[in-house]
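Quick notes on the structure that follows.
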Amino acid sequence: VKDIQLRGEGDERHWKIDEARAGTAYGNGRVAGTLETRKPFALDATADFEGVVAERPYKAKVTARGTLEAIEAQLAGEVSGQAATGHVVLAPFAPVPVKSLELQARGVDLSQQAAGPKTSLDVEVRLVAGQKVFSGPVKVTNAEPGRWDQQRLPFTTASARVMVSAERVELADLDVVLLDGGRA
């Protein structure tokens, strides 16, 4: 971590960060906001991140509000110019700190992210924490389906119920609508 800067003030009621910023090998971050000094420790903060990871430029903005017992954060960002948004519910001191996660990405082109086919995928993820598992629906809609030999993906929609644990990722109820009306 380098170029660390902090500007703010505090009193017996709250701490106010006008700006905190730092740089790392992965990018730069900036945070501003307030945190009350008494229970339930109300929080209102924004954060901006920008950098390059795995040769992919990214930008992200996070707005977080709530208390240190329950924080709701709105996410907006892009990787290689492709936008995504999300909503996260956090309980920082709970055994499972991430309570729910929703992500949406529109027009994802795999050829921009890897040596994949040309795509225009809309991705929706809604995961909720259980005891030891995150689970929920994931749906992918393909606006540019085509044949493999045309460097396309041969499906129009795919959906499943996803379960993520520390040990594995499981898919259940997989439903894929193939090009030309087939279904798996």
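Order determines the names: the first chain of the structure tokens is A, the second B, and so forth; residues in each chain are numbered 1 upward, and ligands are numbered 1 upward as they are shown.
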Near Val176 of chain A, within 9 Å and counting only C-alpha atoms, which residues show up once chain neighbours fewer than 2 positions away are dropped, as a list in words?
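Everything that qualifies: Phe155, Thr156, Thr157, Ala158, Ser159, Ala160, Leu174, Leu178, Gly182, Arg183 and Ala184 of chain A.
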Running DSSP on the backbone, which parts of segment 66-128 of chain A land in helix (DSSP H, G or I), as a PDB file with C-alpha atoms, in the first residue's frame?
```
ATOM      1  CA  LEU A 110     -16.756 -12.813 -23.499  1.00  0.00           C
ATOM      2  CA  SER A 111     -14.409 -11.931 -26.360  1.00  0.00           C
ATOM      3  CA  GLN A 112     -13.555  -8.744 -24.434  1.00  0.00           C
ATOM      4  CA  GLN A 113     -12.778 -10.672 -21.229  1.00  0.00           C
TER       5      GLN A 113
END
```
Neighbouring residues of Gly86 of chain A were defined as those with any atom within 8 Å, considering only C-alpha atoms; residues of the same chain fewer than 2 positions away were excluded. Please report them as a ChimeraX atom specification.
/A:74-76,84,88,101-104
Which of segment 5-180 of chain A counts as strand (DSSP E or B) under DSSP, as a PyMOL selection string please?
chain A and resi 5-10+14-24+27-36+42-53+56-67+70-79+82-90+98-108+121-129+134-142+155-164+169-178
Best match for closeness to Ala94 of chain A among A:Glu69, A:Ser80, A:Gly107, A:Phe134, counting only C-alpha atoms:
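Among the listed residues, A:Glu69 lies closest to Ala94 of chain A.
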Identify, on the basis of only C-alpha atoms, every residue whose closest approach to Thr37 of chain A does not exceed 10 Å; exclude the query and any residue fewer than 4 positions from it along the same chain; express the result as a PyMOL selection string.
chain A and resi 10-15+41-43
Choose the residue, out of A:Ser135, A:Gln150, A:Thr34, A:Gln5, that has the smallest atom-to-atom separation from Leu68 of chain A; count only C-alpha atoms.
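So, comparing all the options, the nearest one is A:Thr34.
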Tell me which of A:Glu36, A:Gly23, A:Ala70, A:Ala114 sits closest to Arg56 of chain A, counting only C-alpha atoms.
A:Ala114
I need the residue nearest Lys99 of chain A from this list: A:Asp44, A:Glu170, A:Asp180, A:Glu72. Use only C-alpha atoms for the distance.
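The closest residue to Lys99 of chain A is A:Glu72.
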Show me, as a list of chain:residue names, the residues that have an atom within 12 Å of Ala105 of chain A when counting only C-alpha atoms, minus same-chain residues fewer than 6 positions from it.
A:Leu75, A:Ala76, A:Gly77, A:Glu78, A:Val79, A:Gly81, A:Gln82, A:Ala83, A:Ala84, A:Thr85, A:Gly86, A:Ser120, A:Leu121, A:Asp122, A:Val123, A:Glu124, A:Val125, A:Val138, A:Lys139, A:Val140, A:Thr141, A:Asn142
I need the residues from that last selection saved to file as a compact mmCIF listing (two decimals), in the first residue's frame (with all heavy atoms), if you can.
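Just written: out.txt:
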```txt
# COMPACT_ATOMS: atom_id res chain seq x y z
N LEU A 75 -23.63 -1.12 -5.64
CA LEU A 75 -22.40 -1.22 -6.41
C LEU A 75 -22.67 -0.83 -7.86
O LEU A 75 -23.71 -1.19 -8.42
CB LEU A 75 -21.88 -2.66 -6.40
CG LEU A 75 -21.89 -3.40 -5.07
CD1 LEU A 75 -21.63 -4.88 -5.29
CD2 LEU A 75 -20.85 -2.82 -4.16
N ALA A 76 -21.73 -0.12 -8.46
CA ALA A 76 -21.78 0.18 -9.89
C ALA A 76 -20.34 0.16 -10.38
O ALA A 76 -19.47 0.77 -9.77
CB ALA A 76 -22.41 1.54 -10.15
N GLY A 77 -20.09 -0.57 -11.45
CA GLY A 77 -18.72 -0.64 -11.92
C GLY A 77 -18.64 -1.14 -13.33
O GLY A 77 -19.65 -1.42 -13.98
N GLU A 78 -17.41 -1.24 -13.79
CA GLU A 78 -17.18 -1.81 -15.11
C GLU A 78 -15.82 -2.48 -15.13
O GLU A 78 -14.89 -2.07 -14.44
CB GLU A 78 -17.31 -0.77 -16.20
CG GLU A 78 -16.43 0.42 -16.10
CD GLU A 78 -16.66 1.41 -17.22
OE1 GLU A 78 -17.80 1.90 -17.39
OE2 GLU A 78 -15.70 1.69 -17.94
N VAL A 79 -15.74 -3.54 -15.92
CA VAL A 79 -14.50 -4.26 -16.17
C VAL A 79 -14.32 -4.28 -17.67
O VAL A 79 -15.23 -4.69 -18.41
CB VAL A 79 -14.54 -5.70 -15.61
CG1 VAL A 79 -13.28 -6.46 -15.98
CG2 VAL A 79 -14.73 -5.68 -14.11
N GLY A 81 -14.59 -1.97 -19.68
CA GLY A 81 -15.63 -1.17 -20.30
C GLY A 81 -17.02 -1.77 -20.24
O GLY A 81 -17.96 -1.20 -20.77
N GLN A 82 -17.18 -2.93 -19.62
CA GLN A 82 -18.48 -3.59 -19.54
C GLN A 82 -19.07 -3.38 -18.15
O GLN A 82 -18.47 -3.73 -17.15
CB GLN A 82 -18.34 -5.07 -19.89
CG GLN A 82 -17.87 -5.22 -21.31
CD GLN A 82 -17.78 -6.66 -21.75
OE1 GLN A 82 -18.32 -7.56 -21.12
NE2 GLN A 82 -17.11 -6.89 -22.84
N ALA A 83 -20.27 -2.80 -18.12
CA ALA A 83 -20.87 -2.34 -16.86
C ALA A 83 -21.58 -3.46 -16.11
O ALA A 83 -22.10 -4.40 -16.70
CB ALA A 83 -21.85 -1.22 -17.15
N ALA A 84 -21.60 -3.30 -14.79
CA ALA A 84 -22.36 -4.19 -13.90
C ALA A 84 -22.82 -3.37 -12.70
O ALA A 84 -22.19 -2.39 -12.33
CB ALA A 84 -21.50 -5.36 -13.44
N THR A 85 -23.95 -3.78 -12.12
CA THR A 85 -24.46 -3.14 -10.92
C THR A 85 -24.79 -4.23 -9.91
O THR A 85 -24.90 -5.41 -10.26
CB THR A 85 -25.73 -2.31 -11.20
OG1 THR A 85 -26.75 -3.18 -11.72
CG2 THR A 85 -25.46 -1.18 -12.18
N GLY A 86 -24.95 -3.81 -8.66
CA GLY A 86 -25.27 -4.80 -7.66
C GLY A 86 -25.75 -4.19 -6.36
O GLY A 86 -25.73 -2.98 -6.17
N SER A 120 -23.29 -11.26 -26.30
CA SER A 120 -23.97 -10.14 -25.66
C SER A 120 -24.88 -10.77 -24.61
O SER A 120 -26.05 -11.04 -24.86
CB SER A 120 -24.78 -9.32 -26.67
OG SER A 120 -25.42 -8.25 -26.00
N LEU A 121 -24.30 -11.02 -23.43
CA LEU A 121 -24.99 -11.75 -22.38
C LEU A 121 -25.52 -10.80 -21.31
O LEU A 121 -24.80 -9.89 -20.88
CB LEU A 121 -24.04 -12.75 -21.70
CG LEU A 121 -23.36 -13.77 -22.60
CD1 LEU A 121 -22.37 -14.60 -21.77
CD2 LEU A 121 -24.38 -14.67 -23.27
N ASP A 122 -26.75 -11.01 -20.89
CA ASP A 122 -27.30 -10.34 -19.71
C ASP A 122 -27.27 -11.37 -18.59
O ASP A 122 -27.79 -12.48 -18.75
CB ASP A 122 -28.73 -9.86 -19.95
CG ASP A 122 -28.80 -8.70 -20.93
OD1 ASP A 122 -27.74 -8.13 -21.26
OD2 ASP A 122 -29.92 -8.36 -21.36
N VAL A 123 -26.64 -11.01 -17.48
CA VAL A 123 -26.44 -11.93 -16.37
C VAL A 123 -27.12 -11.37 -15.13
O VAL A 123 -26.94 -10.19 -14.80
CB VAL A 123 -24.93 -12.15 -16.09
CG1 VAL A 123 -24.73 -13.12 -14.95
CG2 VAL A 123 -24.21 -12.61 -17.35
N GLU A 124 -27.91 -12.20 -14.46
CA GLU A 124 -28.57 -11.82 -13.21
C GLU A 124 -28.26 -12.88 -12.16
O GLU A 124 -28.47 -14.06 -12.39
CB GLU A 124 -30.08 -11.73 -13.40
CG GLU A 124 -30.51 -10.66 -14.37
CD GLU A 124 -32.02 -10.63 -14.56
OE1 GLU A 124 -32.75 -11.05 -13.64
OE2 GLU A 124 -32.45 -10.20 -15.64
N VAL A 125 -27.74 -12.42 -11.02
CA VAL A 125 -27.38 -13.31 -9.91
C VAL A 125 -28.06 -12.80 -8.66
O VAL A 125 -28.00 -11.60 -8.36
CB VAL A 125 -25.85 -13.32 -9.70
CG1 VAL A 125 -25.47 -14.18 -8.51
CG2 VAL A 125 -25.12 -13.75 -10.96
N VAL A 138 -29.53 -17.97 -10.82
CA VAL A 138 -28.65 -17.29 -11.76
C VAL A 138 -29.28 -17.46 -13.13
O VAL A 138 -29.70 -18.57 -13.49
CB VAL A 138 -27.23 -17.88 -11.75
CG1 VAL A 138 -26.37 -17.27 -12.85
CG2 VAL A 138 -26.58 -17.67 -10.39
N LYS A 139 -29.37 -16.38 -13.88
CA LYS A 139 -29.97 -16.44 -15.22
C LYS A 139 -29.06 -15.71 -16.20
O LYS A 139 -28.57 -14.62 -15.91
CB LYS A 139 -31.35 -15.80 -15.23
CG LYS A 139 -32.03 -15.89 -16.59
CD LYS A 139 -33.42 -15.31 -16.57
CE LYS A 139 -34.04 -15.45 -17.95
NZ LYS A 139 -35.36 -14.85 -18.02
N VAL A 140 -28.85 -16.33 -17.37
CA VAL A 140 -28.06 -15.73 -18.44
C VAL A 140 -28.92 -15.71 -19.69
O VAL A 140 -29.47 -16.73 -20.10
CB VAL A 140 -26.77 -16.54 -18.71
CG1 VAL A 140 -25.99 -15.93 -19.87
CG2 VAL A 140 -25.91 -16.63 -17.45
N THR A 141 -29.06 -14.53 -20.29
CA THR A 141 -29.80 -14.37 -21.54
C THR A 141 -28.79 -13.96 -22.61
O THR A 141 -28.02 -13.02 -22.42
CB THR A 141 -30.89 -13.28 -21.41
OG1 THR A 141 -31.75 -13.63 -20.32
CG2 THR A 141 -31.70 -13.16 -22.68
N ASN A 142 -28.81 -14.67 -23.72
CA ASN A 142 -27.85 -14.47 -24.80
C ASN A 142 -28.54 -13.78 -25.97
O ASN A 142 -29.33 -14.39 -26.68
CB ASN A 142 -27.29 -15.84 -25.23
CG ASN A 142 -26.21 -15.74 -26.26
OD1 ASN A 142 -25.81 -14.65 -26.68
ND2 ASN A 142 -25.71 -16.88 -26.69
```
Calculate how many Å separate atom CA of Gln151 of chain A from atom CA of Val53 of chain A, rounding to one decimal.
25.8 Å
What's the separation between atom CA of Ala73 of chain A and atom CA of Ala54 of chain A, in Å to one decimal place?
25.4 Å
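Nearest residue to Pro57 of chain A, choosing from A:Asp175, A:Asn28, A:Arg38, A:Pro137 and counting only C-alpha atoms: A:Asn28.
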Would you kindly return, as number ranges by chain, each protein, DNA or RNA residue with an atom no farther than 10 Å from any atom of Val31 of chain A, considering only C-alpha atoms and excluding same-chain residues fewer than 6 positions away?
A: 6, 17-22, 45-49, 61-63
Just-selected residues, N, CA, C and O atoms written as a short mmCIF file (atom, residue, chain, number, x, y, z; two decimals), in the first residue's frame:
```
data_model
loop_
_atom_site.label_atom_id
_atom_site.label_comp_id
_atom_site.auth_asym_id
_atom_site.auth_seq_id
_atom_site.Cartn_x
_atom_site.Cartn_y
_atom_site.Cartn_z
N LEU A 6 -5.18 10.69 4.57
CA LEU A 6 -6.42 10.72 5.34
C LEU A 6 -6.67 12.15 5.78
O LEU A 6 -5.78 12.82 6.31
N ILE A 17 -14.85 11.28 7.65
CA ILE A 17 -13.71 11.17 6.74
C ILE A 17 -14.04 11.99 5.51
O ILE A 17 -14.95 11.63 4.75
N ASP A 18 -13.35 13.09 5.34
CA ASP A 18 -13.52 13.89 4.13
C ASP A 18 -12.94 13.15 2.93
O ASP A 18 -13.52 13.14 1.86
N GLU A 19 -11.77 12.53 3.16
CA GLU A 19 -11.16 11.72 2.11
C GLU A 19 -10.09 10.83 2.72
O GLU A 19 -9.25 11.29 3.48
N ALA A 20 -10.15 9.57 2.38
CA ALA A 20 -9.08 8.62 2.69
C ALA A 20 -8.75 7.95 1.37
O ALA A 20 -9.65 7.52 0.65
N ARG A 21 -7.47 7.91 1.04
CA ARG A 21 -7.12 7.27 -0.22
C ARG A 21 -5.79 6.55 -0.10
O ARG A 21 -4.97 6.87 0.77
N ALA A 22 -5.61 5.58 -0.97
CA ALA A 22 -4.39 4.79 -0.99
C ALA A 22 -4.27 4.12 -2.35
O ALA A 22 -5.25 3.98 -3.09
N ALA A 45 -21.33 6.07 3.77
CA ALA A 45 -20.03 6.21 3.12
C ALA A 45 -20.10 5.92 1.64
O ALA A 45 -21.00 5.21 1.16
N THR A 46 -19.13 6.46 0.91
CA THR A 46 -18.95 6.14 -0.50
C THR A 46 -17.50 5.75 -0.71
O THR A 46 -16.61 6.19 0.01
N ALA A 47 -17.28 4.91 -1.71
CA ALA A 47 -15.93 4.49 -2.05
C ALA A 47 -15.82 4.39 -3.56
O ALA A 47 -16.78 3.99 -4.24
N ASP A 48 -14.67 4.77 -4.08
CA ASP A 48 -14.38 4.66 -5.51
C ASP A 48 -13.08 3.88 -5.67
O ASP A 48 -12.10 4.14 -4.95
N PHE A 49 -13.07 2.96 -6.61
CA PHE A 49 -11.88 2.15 -6.89
C PHE A 49 -11.62 2.18 -8.39
O PHE A 49 -12.55 2.19 -9.19
N LYS A 61 -17.81 1.96 -7.99
CA LYS A 61 -18.30 2.92 -7.01
C LYS A 61 -19.24 2.17 -6.08
O LYS A 61 -20.11 1.42 -6.52
N VAL A 62 -19.03 2.38 -4.77
CA VAL A 62 -19.84 1.72 -3.74
C VAL A 62 -20.44 2.80 -2.85
O VAL A 62 -19.74 3.71 -2.41
N THR A 63 -21.73 2.69 -2.60
CA THR A 63 -22.41 3.56 -1.64
C THR A 63 -22.95 2.65 -0.55
O THR A 63 -23.71 1.73 -0.84
#
```
May I ask for the distance between atom CA of Pro117 of chain A and atom CA of Leu171 of chain A, given in Å to one decimal place?
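Between these atoms lies a distance of 22.9 Å.
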